[in-house]
>>> print(open('start_10.cif').read())   # mmCIF, C-alpha atoms
data_query
loop_
_atom_site.group_PDB
_atom_site.id
_atom_site.type_symbol
_atom_site.label_atom_id
_atom_site.label_comp_id
_atom_site.auth_asym_id
_atom_site.auth_seq_id
_atom_site.Cartn_x
_atom_site.Cartn_y
_atom_site.Cartn_z
ATOM 1 C CA MET D 193 34.185 -8.345 -12.748
ATOM 2 C CA ILE D 194 36.584 -10.229 -14.951
ATOM 3 C CA SER D 195 37.568 -13.885 -14.730
ATOM 4 C CA ASN D 196 41.008 -14.999 -13.507
ATOM 5 C CA SER D 197 41.537 -16.842 -16.776
ATOM 6 C CA PHE D 198 41.617 -13.576 -18.780
ATOM 7 C CA THR D 199 44.508 -13.811 -21.300
ATOM 8 C CA PRO D 200 44.665 -10.495 -23.201
ATOM 9 C CA VAL D 201 48.225 -10.836 -24.531
ATOM 10 C CA ALA D 202 48.017 -14.464 -25.710
ATOM 11 C CA SER D 203 44.596 -13.821 -27.216
ATOM 12 C CA LEU D 204 45.773 -10.686 -29.030
ATOM 13 C CA LEU D 205 48.827 -12.535 -30.409
ATOM 14 C CA GLY D 206 46.769 -15.600 -31.342
ATOM 15 C CA GLY D 207 44.294 -13.330 -33.080
ATOM 16 C CA ALA D 208 47.155 -11.677 -34.971
ATOM 17 C CA LEU D 209 48.331 -15.128 -36.135
ATOM 18 C CA ILE D 210 44.815 -15.828 -37.430
ATOM 19 C CA GLY D 211 45.001 -12.493 -39.245
ATOM 20 C CA VAL D 212 48.403 -13.362 -40.750
ATOM 21 C CA SER D 213 46.952 -16.648 -41.992
ATOM 22 C CA ALA D 214 43.975 -14.879 -43.600
ATOM 23 C CA VAL D 215 46.260 -12.339 -45.312
ATOM 24 C CA LEU D 216 48.539 -15.121 -46.579
ATOM 25 C CA LEU D 217 45.594 -17.069 -47.992
ATOM 26 C CA MET D 218 44.385 -13.943 -49.808
ATOM 27 C CA PHE D 219 47.922 -13.317 -51.095
ATOM 28 C CA LEU D 220 48.363 -16.896 -52.317
ATOM 29 C CA THR D 221 44.903 -17.922 -53.561
ATOM 30 C CA GLY D 222 42.858 -14.702 -53.617
ATOM 31 C CA ARG D 223 40.269 -16.280 -51.329
ATOM 32 C CA ILE D 224 38.659 -15.379 -48.013
ATOM 33 C CA ALA D 225 39.821 -17.478 -45.046
ATOM 34 C CA GLY D 226 36.310 -18.370 -43.971
ATOM 35 C CA VAL D 227 36.513 -21.763 -42.323
ATOM 36 C CA SER D 228 32.823 -22.639 -42.747
ATOM 37 C CA GLY D 229 32.999 -21.891 -46.478
ATOM 38 C CA ILE D 230 36.217 -23.874 -46.840
ATOM 39 C CA ALA D 231 34.783 -26.830 -44.891
ATOM 40 C CA ALA D 232 31.379 -26.825 -46.614
ATOM 41 C CA ARG D 233 33.052 -26.881 -50.032
ATOM 42 C CA LEU D 234 34.716 -30.164 -49.090
ATOM 43 C CA LEU D 235 31.240 -31.649 -49.652
ATOM 44 C CA PRO D 236 29.882 -32.207 -53.168
ATOM 45 C CA PRO D 237 28.763 -30.710 -55.508
ATOM 46 C CA TYR D 238 32.098 -29.182 -56.470
ATOM 47 C CA GLU D 239 31.919 -25.818 -58.197
ATOM 48 C CA ASP D 240 35.606 -25.216 -58.837
ATOM 49 C CA ASP D 241 39.002 -26.944 -58.807
ATOM 50 C CA ALA D 242 40.243 -25.679 -55.437
ATOM 51 C CA PHE D 243 39.325 -28.835 -53.488
ATOM 52 C CA LYS D 244 42.907 -29.945 -52.750
ATOM 53 C CA GLY D 245 43.871 -26.532 -51.403
ATOM 54 C CA ARG D 246 40.858 -26.501 -49.083
ATOM 55 C CA LEU D 247 41.648 -30.008 -47.866
ATOM 56 C CA ALA D 248 45.245 -28.936 -47.218
ATOM 57 C CA PHE D 249 44.064 -25.888 -45.225
ATOM 58 C CA VAL D 250 41.803 -28.067 -43.063
ATOM 59 C CA ALA D 251 44.626 -30.594 -42.614
ATOM 60 C CA GLY D 252 46.759 -27.695 -41.370
ATOM 61 C CA LEU D 253 44.098 -26.778 -38.801
ATOM 62 C CA ILE D 254 43.982 -30.362 -37.548
ATOM 63 C CA ALA D 255 47.785 -30.627 -37.511
ATOM 64 C CA ALA D 256 48.213 -27.567 -35.277
ATOM 65 C CA PRO D 257 47.551 -29.281 -31.925
ATOM 66 C CA VAL D 258 49.633 -32.281 -33.037
ATOM 67 C CA LEU D 259 52.559 -29.932 -33.723
ATOM 68 C CA VAL D 260 52.132 -28.303 -30.303
ATOM 69 C CA LEU D 261 52.103 -31.758 -28.690
ATOM 70 C CA LEU D 262 55.279 -32.807 -30.519
ATOM 71 C CA ALA D 263 57.060 -29.542 -29.721
ATOM 72 C CA SER D 264 56.057 -29.063 -26.092
ATOM 73 C CA GLY D 265 55.052 -32.538 -24.964
ATOM 74 C CA ARG D 266 51.478 -31.566 -24.117
ATOM 75 C CA LEU D 267 48.275 -30.308 -25.682
ATOM 76 C CA PRO D 268 46.858 -26.817 -25.003
ATOM 77 C CA ALA D 269 43.970 -26.537 -22.550
ATOM 78 C CA GLN D 270 40.645 -27.711 -23.903
ATOM 79 C CA THR D 271 37.485 -28.440 -21.920
ATOM 80 C CA ILE D 272 34.375 -29.641 -23.739
ATOM 81 C CA ALA D 273 31.570 -29.732 -21.207
ATOM 82 C CA ALA D 274 28.711 -30.417 -23.625
ATOM 83 C CA GLN D 275 27.155 -33.894 -23.645
ATOM 84 C CA PRO D 276 26.973 -35.865 -26.931
ATOM 85 C CA ALA D 277 23.317 -34.947 -27.602
ATOM 86 C CA THR D 278 24.124 -31.247 -27.128
ATOM 87 C CA LEU D 279 27.185 -31.597 -29.380
ATOM 88 C CA VAL D 280 25.044 -33.088 -32.140
ATOM 89 C CA LEU D 281 22.414 -30.339 -31.881
ATOM 90 C CA ALA D 282 25.071 -27.602 -31.648
ATOM 91 C CA GLY D 283 27.003 -29.033 -34.594
ATOM 92 C CA LEU D 284 23.877 -29.182 -36.754
ATOM 93 C CA LEU D 285 22.989 -25.572 -35.905
ATOM 94 C CA VAL D 286 26.544 -24.303 -36.462
ATOM 95 C CA GLY D 287 26.859 -26.140 -39.781
ATOM 96 C CA PHE D 288 23.428 -25.178 -41.053
ATOM 97 C CA GLY D 289 23.580 -21.569 -39.853
ATOM 98 C CA SER D 290 27.065 -20.887 -41.202
ATOM 99 C CA VAL D 291 26.129 -22.060 -44.702
ATOM 100 C CA TRP D 292 22.700 -20.391 -44.583
ATOM 101 C CA GLY D 293 24.328 -17.117 -43.504
ATOM 102 C CA ASN D 294 27.317 -17.487 -45.852
ATOM 103 C CA GLY D 295 29.973 -17.447 -43.156
ATOM 104 C CA CYS D 296 31.082 -17.865 -39.561
ATOM 105 C CA THR D 297 33.352 -16.230 -37.005
ATOM 106 C CA SER D 298 36.310 -16.191 -39.412
ATOM 107 C CA GLY D 299 34.655 -15.300 -42.720
ATOM 108 C CA HIS D 300 32.266 -12.672 -41.346
ATOM 109 C CA GLY D 301 33.811 -11.840 -37.968
ATOM 110 C CA VAL D 302 37.395 -11.344 -39.152
ATOM 111 C CA CYS D 303 37.698 -11.144 -42.941
ATOM 112 C CA GLY D 304 34.331 -9.485 -43.628
ATOM 113 C CA ILE D 305 34.582 -6.893 -40.880
ATOM 114 C CA SER D 306 38.082 -5.884 -41.932
ATOM 115 C CA ARG D 307 36.723 -5.356 -45.452
ATOM 116 C CA LEU D 308 33.991 -3.162 -43.917
ATOM 117 C CA SER D 309 31.274 -5.395 -45.378
ATOM 118 C CA ALA D 310 27.788 -4.431 -44.162
ATOM 119 C CA ARG D 311 26.659 -8.062 -44.555
ATOM 120 C CA ALA D 312 29.517 -9.257 -42.339
ATOM 121 C CA LEU D 313 28.748 -6.604 -39.714
ATOM 122 C CA VAL D 314 25.084 -7.629 -39.582
ATOM 123 C CA ALA D 315 26.024 -11.319 -39.458
ATOM 124 C CA THR D 316 28.612 -10.819 -36.691
ATOM 125 C CA ALA D 317 26.290 -8.679 -34.561
ATOM 126 C CA THR D 318 23.571 -11.314 -34.981
ATOM 127 C CA PHE D 319 25.610 -14.397 -34.046
ATOM 128 C CA MET D 320 27.182 -12.561 -31.109
ATOM 129 C CA ALA D 321 23.695 -11.623 -29.890
ATOM 130 C CA THR D 322 22.244 -15.144 -30.141
ATOM 131 C CA GLY D 323 25.468 -16.596 -28.688
ATOM 132 C CA PHE D 324 25.220 -14.292 -25.662
ATOM 133 C CA ALA D 325 21.499 -15.053 -25.313
ATOM 134 C CA THR D 326 22.007 -18.831 -25.535
ATOM 135 C CA VAL D 327 24.702 -18.894 -22.847
ATOM 136 C CA PHE D 328 22.638 -16.580 -20.653
ATOM 137 C CA LEU D 329 19.644 -18.903 -20.875
ATOM 138 C CA ALA D 330 21.775 -22.010 -20.351
ATOM 139 C CA ARG D 331 23.608 -20.671 -17.299
ATOM 140 C CA HIS D 332 21.308 -18.192 -15.601
ATOM 141 C CA TRP D 333 17.759 -19.243 -16.413
ATOM 142 C CA GLY D 334 15.685 -20.672 -13.609
ATOM 143 C CA MET M 1187 53.770 -26.218 -53.822
ATOM 144 C CA ALA M 1188 50.485 -24.275 -53.715
ATOM 145 C CA ILE M 1189 48.878 -27.150 -51.817
ATOM 146 C CA PHE M 1190 51.699 -27.380 -49.291
ATOM 147 C CA LEU M 1191 51.588 -23.628 -48.682
ATOM 148 C CA GLN M 1192 47.844 -23.814 -48.018
ATOM 149 C CA PHE M 1193 48.588 -26.533 -45.472
ATOM 150 C CA LEU M 1194 51.029 -24.127 -43.771
ATOM 151 C CA VAL M 1195 48.445 -21.313 -43.889
ATOM 152 C CA GLY M 1196 45.920 -23.627 -42.199
ATOM 153 C CA LEU M 1197 48.571 -24.608 -39.657
ATOM 154 C CA ILE M 1198 49.214 -20.932 -38.790
ATOM 155 C CA PHE M 1199 45.460 -20.395 -38.451
ATOM 156 C CA GLY M 1200 45.203 -23.401 -36.142
ATOM 157 C CA LEU M 1201 48.162 -22.254 -34.017
ATOM 158 C CA GLY M 1202 46.471 -18.863 -33.715
ATOM 159 C CA LEU M 1203 43.281 -20.540 -32.504
ATOM 160 C CA LEU M 1204 45.267 -22.535 -29.935
ATOM 161 C CA LEU M 1205 47.366 -19.611 -28.671
ATOM 162 C CA SER M 1206 44.355 -17.312 -28.427
ATOM 163 C CA GLY M 1207 42.259 -19.782 -26.415
ATOM 164 C CA MET M 1208 39.580 -19.814 -29.115
ATOM 165 C CA SER M 1209 40.050 -23.600 -29.440
ATOM 166 C CA ASN M 1210 38.875 -24.126 -25.857
ATOM 167 C CA PRO M 1211 35.054 -24.276 -25.701
ATOM 168 C CA ALA M 1212 35.053 -23.543 -21.951
ATOM 169 C CA LYS M 1213 36.865 -20.255 -22.619
ATOM 170 C CA VAL M 1214 34.517 -19.375 -25.486
ATOM 171 C CA LEU M 1215 31.485 -19.964 -23.280
ATOM 172 C CA ASP M 1216 33.037 -17.853 -20.493
ATOM 173 C CA PHE M 1217 33.381 -15.051 -23.060
ATOM 174 C CA LEU M 1218 29.766 -15.416 -24.170
ATOM 175 C CA ASP M 1219 28.594 -15.392 -20.543
ATOM 176 C CA LEU M 1220 27.765 -11.728 -19.987
ATOM 177 C CA GLY M 1221 25.704 -12.855 -17.008
ATOM 178 C CA GLY M 1222 29.036 -13.792 -15.431
ATOM 179 C CA ILE M 1223 30.131 -10.148 -15.193
ATOM 180 C CA ALA M 1224 28.288 -9.762 -11.905
ATOM 181 C CA SER M 1225 29.886 -12.862 -10.366
ATOM 182 C CA GLY M 1226 33.418 -12.320 -11.722
ATOM 183 C CA GLY M 1227 33.270 -15.198 -14.203
ATOM 184 C CA TRP M 1228 33.341 -13.244 -17.470
ATOM 185 C CA ASP M 1229 36.418 -13.773 -19.662
ATOM 186 C CA PRO M 1230 36.740 -10.959 -22.256
ATOM 187 C CA SER M 1231 39.802 -12.562 -23.918
ATOM 188 C CA LEU M 1232 38.058 -13.406 -27.178
ATOM 189 C CA ALA M 1233 37.357 -9.751 -27.898
ATOM 190 C CA PHE M 1234 41.157 -9.458 -28.048
ATOM 191 C CA VAL M 1235 41.327 -12.347 -30.536
ATOM 192 C CA MET M 1236 39.030 -10.491 -32.876
ATOM 193 C CA ALA M 1237 40.874 -7.206 -32.326
ATOM 194 C CA GLY M 1238 44.239 -8.810 -33.125
ATOM 195 C CA ALA M 1239 42.926 -10.615 -36.189
ATOM 196 C CA VAL M 1240 41.030 -7.644 -37.621
ATOM 197 C CA ALA M 1241 43.986 -5.289 -37.055
ATOM 198 C CA VAL M 1242 46.207 -7.559 -39.168
ATOM 199 C CA THR M 1243 43.662 -8.281 -41.899
ATOM 200 C CA PHE M 1244 42.544 -4.649 -42.149
ATOM 201 C CA ALA M 1245 46.078 -3.566 -43.036
ATOM 202 C CA GLY M 1246 47.093 -6.801 -44.762
ATOM 203 C CA PHE M 1247 44.129 -7.030 -47.141
ATOM 204 C CA ARG M 1248 44.786 -3.456 -48.306
ATOM 205 C CA TRP M 1249 48.326 -4.396 -49.162
ATOM 206 C CA VAL M 1250 47.397 -7.683 -50.867
ATOM 207 C CA LEU M 1251 44.375 -6.352 -52.772
ATOM 208 C CA ALA M 1252 46.462 -3.515 -54.216
ATOM 209 C CA ARG M 1253 48.420 -6.181 -56.092
ATOM 210 C CA PRO M 1254 47.332 -7.105 -59.625
ATOM 211 C CA ARG M 1255 46.473 -10.718 -58.766
ATOM 212 C CA PRO M 1256 47.070 -13.410 -56.149
ATOM 213 C CA PHE M 1257 50.170 -15.567 -56.414
ATOM 214 C CA PHE M 1258 48.471 -18.824 -57.470
ATOM 215 C CA SER M 1259 45.294 -17.550 -59.143
ATOM 216 C CA GLU M 1260 44.287 -15.382 -62.084
ATOM 217 C CA ARG M 1261 42.101 -13.114 -59.961
ATOM 218 C CA PHE M 1262 40.825 -12.387 -56.463
ATOM 219 C CA HIS M 1263 37.670 -14.299 -55.532
ATOM 220 C CA LEU M 1264 35.981 -11.720 -53.323
ATOM 221 C CA PRO M 1265 32.350 -11.767 -52.199
ATOM 222 C CA THR M 1266 30.229 -9.609 -54.472
ATOM 223 C CA ARG M 1267 26.856 -9.679 -52.714
ATOM 224 C CA ARG M 1268 25.745 -6.536 -50.916
ATOM 225 C CA GLU M 1269 22.071 -7.078 -50.108
ATOM 226 C CA LEU M 1270 20.911 -7.325 -46.510
ATOM 227 C CA ASP M 1271 18.253 -10.028 -46.794
ATOM 228 C CA LEU M 1272 16.584 -12.366 -44.323
ATOM 229 C CA ARG M 1273 19.286 -14.995 -44.753
ATOM 230 C CA ILE M 1274 22.117 -12.771 -43.537
ATOM 231 C CA VAL M 1275 20.243 -12.507 -40.227
ATOM 232 C CA ALA M 1276 18.603 -15.952 -39.992
ATOM 233 C CA GLY M 1277 21.768 -17.946 -40.758
ATOM 234 C CA PRO M 1278 24.005 -16.211 -38.209
ATOM 235 C CA ALA M 1279 21.157 -16.285 -35.632
ATOM 236 C CA ILE M 1280 21.016 -20.097 -35.942
ATOM 237 C CA PHE M 1281 24.813 -20.303 -35.991
ATOM 238 C CA GLY M 1282 25.078 -18.256 -32.778
ATOM 239 C CA ILE M 1283 22.692 -20.567 -30.907
ATOM 240 C CA GLY M 1284 24.822 -23.584 -31.822
ATOM 241 C CA TRP M 1285 27.987 -21.677 -30.908
ATOM 242 C CA GLY M 1286 26.529 -20.805 -27.503
ATOM 243 C CA LEU M 1287 25.370 -24.383 -26.836
ATOM 244 C CA ALA M 1288 28.763 -26.075 -27.194
ATOM 245 C CA GLY M 1289 31.351 -23.285 -27.489
ATOM 246 C CA PHE M 1290 32.554 -24.515 -30.886
ATOM 247 C CA CYS M 1291 32.550 -22.657 -34.190
ATOM 248 C CA PRO M 1292 33.923 -24.299 -37.380
ATOM 249 C CA GLY M 1293 37.644 -23.391 -37.141
ATOM 250 C CA PRO M 1294 38.155 -24.425 -33.510
ATOM 251 C CA ALA M 1295 36.021 -27.549 -34.051
ATOM 252 C CA LEU M 1296 38.223 -28.734 -36.935
ATOM 253 C CA THR M 1297 41.356 -27.894 -34.936
ATOM 254 C CA ALA M 1298 39.904 -29.899 -32.042
ATOM 255 C CA LEU M 1299 39.989 -33.015 -34.244
ATOM 256 C CA GLY M 1300 43.757 -32.954 -33.712
ATOM 257 C CA PHE M 1301 43.192 -33.414 -29.965
ATOM 258 C CA GLY M 1302 41.619 -36.763 -30.804
ATOM 259 C CA THR M 1303 38.593 -36.466 -28.508
ATOM 260 C CA SER M 1304 35.307 -38.131 -29.442
ATOM 261 C CA ALA M 1305 33.441 -34.916 -28.558
ATOM 262 C CA ALA M 1306 35.192 -33.062 -31.392
ATOM 263 C CA PHE M 1307 34.404 -35.838 -33.881
ATOM 264 C CA ILE M 1308 30.731 -35.864 -32.880
ATOM 265 C CA PHE M 1309 30.475 -32.089 -33.266
ATOM 266 C CA VAL M 1310 32.286 -32.013 -36.625
ATOM 267 C CA ALA M 1311 30.191 -34.869 -38.044
ATOM 268 C CA ALA M 1312 26.996 -33.060 -37.044
ATOM 269 C CA MET M 1313 28.395 -29.788 -38.423
ATOM 270 C CA PHE M 1314 29.007 -31.343 -41.848
ATOM 271 C CA ALA M 1315 25.488 -32.810 -41.765
ATOM 272 C CA GLY M 1316 24.095 -29.331 -41.055
ATOM 273 C CA MET M 1317 26.168 -27.856 -43.882
ATOM 274 C CA TRP M 1318 24.971 -30.530 -46.261
ATOM 275 C CA LEU M 1319 21.343 -29.876 -45.290
ATOM 276 C CA ALA M 1320 21.707 -26.113 -45.762
ATOM 277 C CA ARG M 1321 23.255 -26.574 -49.205
ATOM 278 C CA LEU M 1322 20.451 -28.971 -50.126
ATOM 279 C CA LEU M 1323 17.742 -26.535 -49.002
ATOM 280 C CA ALA M 1324 19.487 -23.558 -50.606
ATOM 281 C CA GLY M 1325 19.347 -25.407 -53.913
ATOM 282 C CA LEU M 1326 15.589 -26.057 -53.792
ATOM 283 C CA PRO M 1327 13.780 -23.897 -56.373
ATOM 284 C CA ALA M 1328 11.008 -22.731 -54.013
ATOM 285 C CA LEU M 1329 13.528 -21.470 -51.510
ATOM 286 C CA SER M 1330 15.959 -20.022 -53.998
ATOM 287 C CA ARG M 1331 13.140 -17.773 -55.249
ATOM 288 C CA ILE M 1332 13.137 -16.193 -51.802
ATOM 289 C CA ALA M 1333 16.832 -16.314 -51.117
ATOM 290 C CA THR M 1334 18.364 -16.299 -54.640
ATOM 291 C CA PRO M 1335 21.696 -17.779 -53.670
ATOM 292 C CA ALA M 1336 23.848 -17.286 -56.741
ATOM 293 C CA ASP M 1337 26.500 -19.065 -54.724
ATOM 294 C CA PRO M 1338 25.029 -20.428 -51.506
ATOM 295 C CA LEU M 1339 28.451 -20.418 -49.886
ATOM 296 C CA GLU M 1340 29.666 -16.969 -50.786
ATOM 297 C CA THR M 1341 30.633 -15.048 -47.668
#
>>> encode(input="start_10.cif", output="structure tokens")
Amino acid sequence: MISNSFTPVASLLGGALIGVSAVLLMFLTGRIAGVSGIAARLLPPYEDDAFKGRLAFVAGLIAAPVLVLLASGRLPAQTIAAQPATLVLAGLLVGFGSVWGNGCTSGHGVCGISRLSARALVATATFMATGFATVFLARHWG
Amino acid sequence: MAIFLQFLVGLIFGLGLLLSGMSNPAKVLDFLDLGGIASGGWDPSLAFVMAGAVAVTFAGFRWVLARPRPFFSERFHLPTRRELDLRIVAGPAIFGIGWGLAGFCPGPALTALGFGTSAAFIFVAAMFAGMWLARLLAGLPALSRIATPADPLET
């Protein structure tokens, strides 16, 4: 059975916007729109001269909800149920794992899969599997 | 100009995350909750996010990569690694556990900073700490013999 909050059309269109952004970034800079790679390269050591562009991309991400607020008068729905300790642990794991595995949902899950990269397929299947398993344990165990 | 355009590209990405529902951890966790299928709580929306994004990039990358070079760079900076090693499983396995704990992955977490909640700031600070630690470990000689990260961040 499927939840009442299922939003196929908005999610498909939002996904397409993410795709448009990734194609534009490739067109402009020749780089993969992998958010974990972009974010991690904001930390030293710096290996190239693309720091300002990465900072601008991240600023654009942060500006998106502000723009929605200014345009519509309210923020989109967002519920963060995790407690601070869980957020710290989750953040550490997400940051460490995305750098250790060379990518996240955007770099592997979108850009890599559309390039038919075997590495991206393995990575995406793996993080989906552990994501499913983690939520299953958290919600249905015991 | 190049910098401003990259800001706009990030803005489009962020608007896509917001429209799709990917920026809402509760929705992400409802997608990851396959155990909710039985009780009617499963939300398959995020499969549509990936479908929409991959459909556009699959066609769009073909068009862009057929061009001689990107607009603001001398060449395309595409990942070159092909090997399926332990890291391409271990990293995403760790990542997926964190994703399932809080419902945040890096893009939505950074976008969430714009909501101004302390939860987003806590997550993002911890995420950068995790990234820093992984880069530190990836650079250690003993580990790089196993993992040989020519570029530890290459997708």
>>> resolve_selection(input="start_10.cif", expression="the PyMOL selection byres ((chain D and resi 195) around 12)", output="PDB file with C-alpha atoms, keeping the file's coordinate frame")
ATOM      1  CA  MET D 193      34.185  -8.345 -12.748  1.00  0.00           C
ATOM      2  CA  ILE D 194      36.584 -10.229 -14.951  1.00  0.00           C
ATOM      3  CA  ASN D 196      41.008 -14.999 -13.507  1.00  0.00           C
ATOM      4  CA  SER D 197      41.537 -16.842 -16.776  1.00  0.00           C
ATOM      5  CA  PHE D 198      41.617 -13.576 -18.780  1.00  0.00           C
ATOM      6  CA  THR D 199      44.508 -13.811 -21.300  1.00  0.00           C
ATOM      7  CA  PRO D 200      44.665 -10.495 -23.201  1.00  0.00           C
TER       8      PRO D 200
ATOM      9  CA  LYS M1213      36.865 -20.255 -22.619  1.00  0.00           C
ATOM     10  CA  ASP M1216      33.037 -17.853 -20.493  1.00  0.00           C
ATOM     11  CA  PHE M1217      33.381 -15.051 -23.060  1.00  0.00           C
ATOM     12  CA  ASP M1219      28.594 -15.392 -20.543  1.00  0.00           C
ATOM     13  CA  LEU M1220      27.765 -11.728 -19.987  1.00  0.00           C
ATOM     14  CA  GLY M1222      29.036 -13.792 -15.431  1.00  0.00           C
ATOM     15  CA  ILE M1223      30.131 -10.148 -15.193  1.00  0.00           C
ATOM     16  CA  ALA M1224      28.288  -9.762 -11.905  1.00  0.00           C
ATOM     17  CA  SER M1225      29.886 -12.862 -10.366  1.00  0.00           C
ATOM     18  CA  GLY M1226      33.418 -12.320 -11.722  1.00  0.00           C
ATOM     19  CA  GLY M1227      33.270 -15.198 -14.203  1.00  0.00           C
ATOM     20  CA  TRP M1228      33.341 -13.244 -17.470  1.00  0.00           C
ATOM     21  CA  ASP M1229      36.418 -13.773 -19.662  1.00  0.00           C
ATOM     22  CA  PRO M1230      36.740 -10.959 -22.256  1.00  0.00           C
ATOM     23  CA  SER M1231      39.802 -12.562 -23.918  1.00  0.00           C
TER      24      SER M1231
END
>>> closest_atom_pairs(input="start_10.cif", of="range 1217-1272 of chain M", to="range 215-229 of chain D", cutoff="12 Å", atoms="only C-alpha atoms", output="Markdown table")
| residue | atom | partner | partner_atom | distance |
| --- | --- | --- | --- | --- |
| M:Ala1239 | CA | D:Val215 | CA | 9.9 |
| M:Val1240 | CA | D:Val215 | CA | 10.4 |
| M:Ala1241 | CA | D:Val215 | CA | 11.1 |
| M:Val1242 | CA | D:Val215 | CA | 7.8 |
| M:Thr1243 | CA | D:Val215 | CA | 5.9 |
| M:Phe1244 | CA | D:Val215 | CA | 9.1 |
| M:Ala1245 | CA | D:Val215 | CA | 9.1 |
| M:Gly1246 | CA | D:Val215 | CA | 5.6 |
| M:Phe1247 | CA | D:Val215 | CA | 6.0 |
| M:Arg1248 | CA | D:Val215 | CA | 9.5 |
| M:Trp1249 | CA | D:Val215 | CA | 9.1 |
| M:Val1250 | CA | D:Phe219 | CA | 5.7 |
| M:Leu1251 | CA | D:Phe219 | CA | 8.0 |
| M:Ala1252 | CA | D:Phe219 | CA | 10.4 |
| M:Arg1253 | CA | D:Phe219 | CA | 8.7 |
| M:Pro1254 | CA | D:Phe219 | CA | 10.6 |
| M:Arg1255 | CA | D:Gly222 | CA | 7.4 |
| M:Pro1256 | CA | D:Gly222 | CA | 5.1 |
| M:Phe1257 | CA | D:Leu220 | CA | 4.7 |
| M:Phe1258 | CA | D:Thr221 | CA | 5.4 |
| M:Ser1259 | CA | D:Thr221 | CA | 5.6 |
| M:Glu1260 | CA | D:Gly222 | CA | 8.6 |
| M:Arg1261 | CA | D:Gly222 | CA | 6.6 |
| M:Phe1262 | CA | D:Gly222 | CA | 4.2 |
| M:His1263 | CA | D:Arg223 | CA | 5.3 |
| M:Leu1264 | CA | D:Arg223 | CA | 6.6 |
| M:Pro1265 | CA | D:Ile224 | CA | 8.4 |
>>> residues_around(input="start_10.cif", residues="Leu1205 in chain M", least_positions_apart="5", cutoff="9 Å", atoms="all atoms listed in the file", output="list of chain:residue names")
D:Ala202, D:Ser203, D:Leu205, D:Gly206, D:Gly207, D:Leu209, D:Pro268, M:Gly1200
>>> residues_around(input="start_10.cif", residues="Leu313 in chain D", least_positions_apart="4", cutoff="9 Å", atoms="all atoms listed in the file", output="ChimeraX atom specification")
/D:300-301,304-305,308-309,317-318
>>> residues_near_point(input="start_10.cif", point="(22.4, -21.3, -46.4)", cutoff="8 Å", atoms="all atoms listed in the file", output="JSON, numbers by chain")
{"D": [288, 289, 290, 291, 292, 293, 294], "M": [1273, 1277, 1317, 1320, 1321, 1323, 1324, 1338, 1339]}
>>> closest_residue(input="start_10.cif", among="M:Ala1237, M:Val1275, M:Ile1283, M:Ile1308", to="Val201 in chain D", atoms="all atoms listed in the file")
M:Ala1237
>>> atom_distance(input="start_10.cif", atom1="CA of Ala1305 in chain M", atom2="CA of Ala255 in chain D")
17.4 Å
>>> atom_distance(input="start_10.cif", atom1="CA of Leu234 in chain D", atom2="CA of Gly1302 in chain M")
20.6 Å
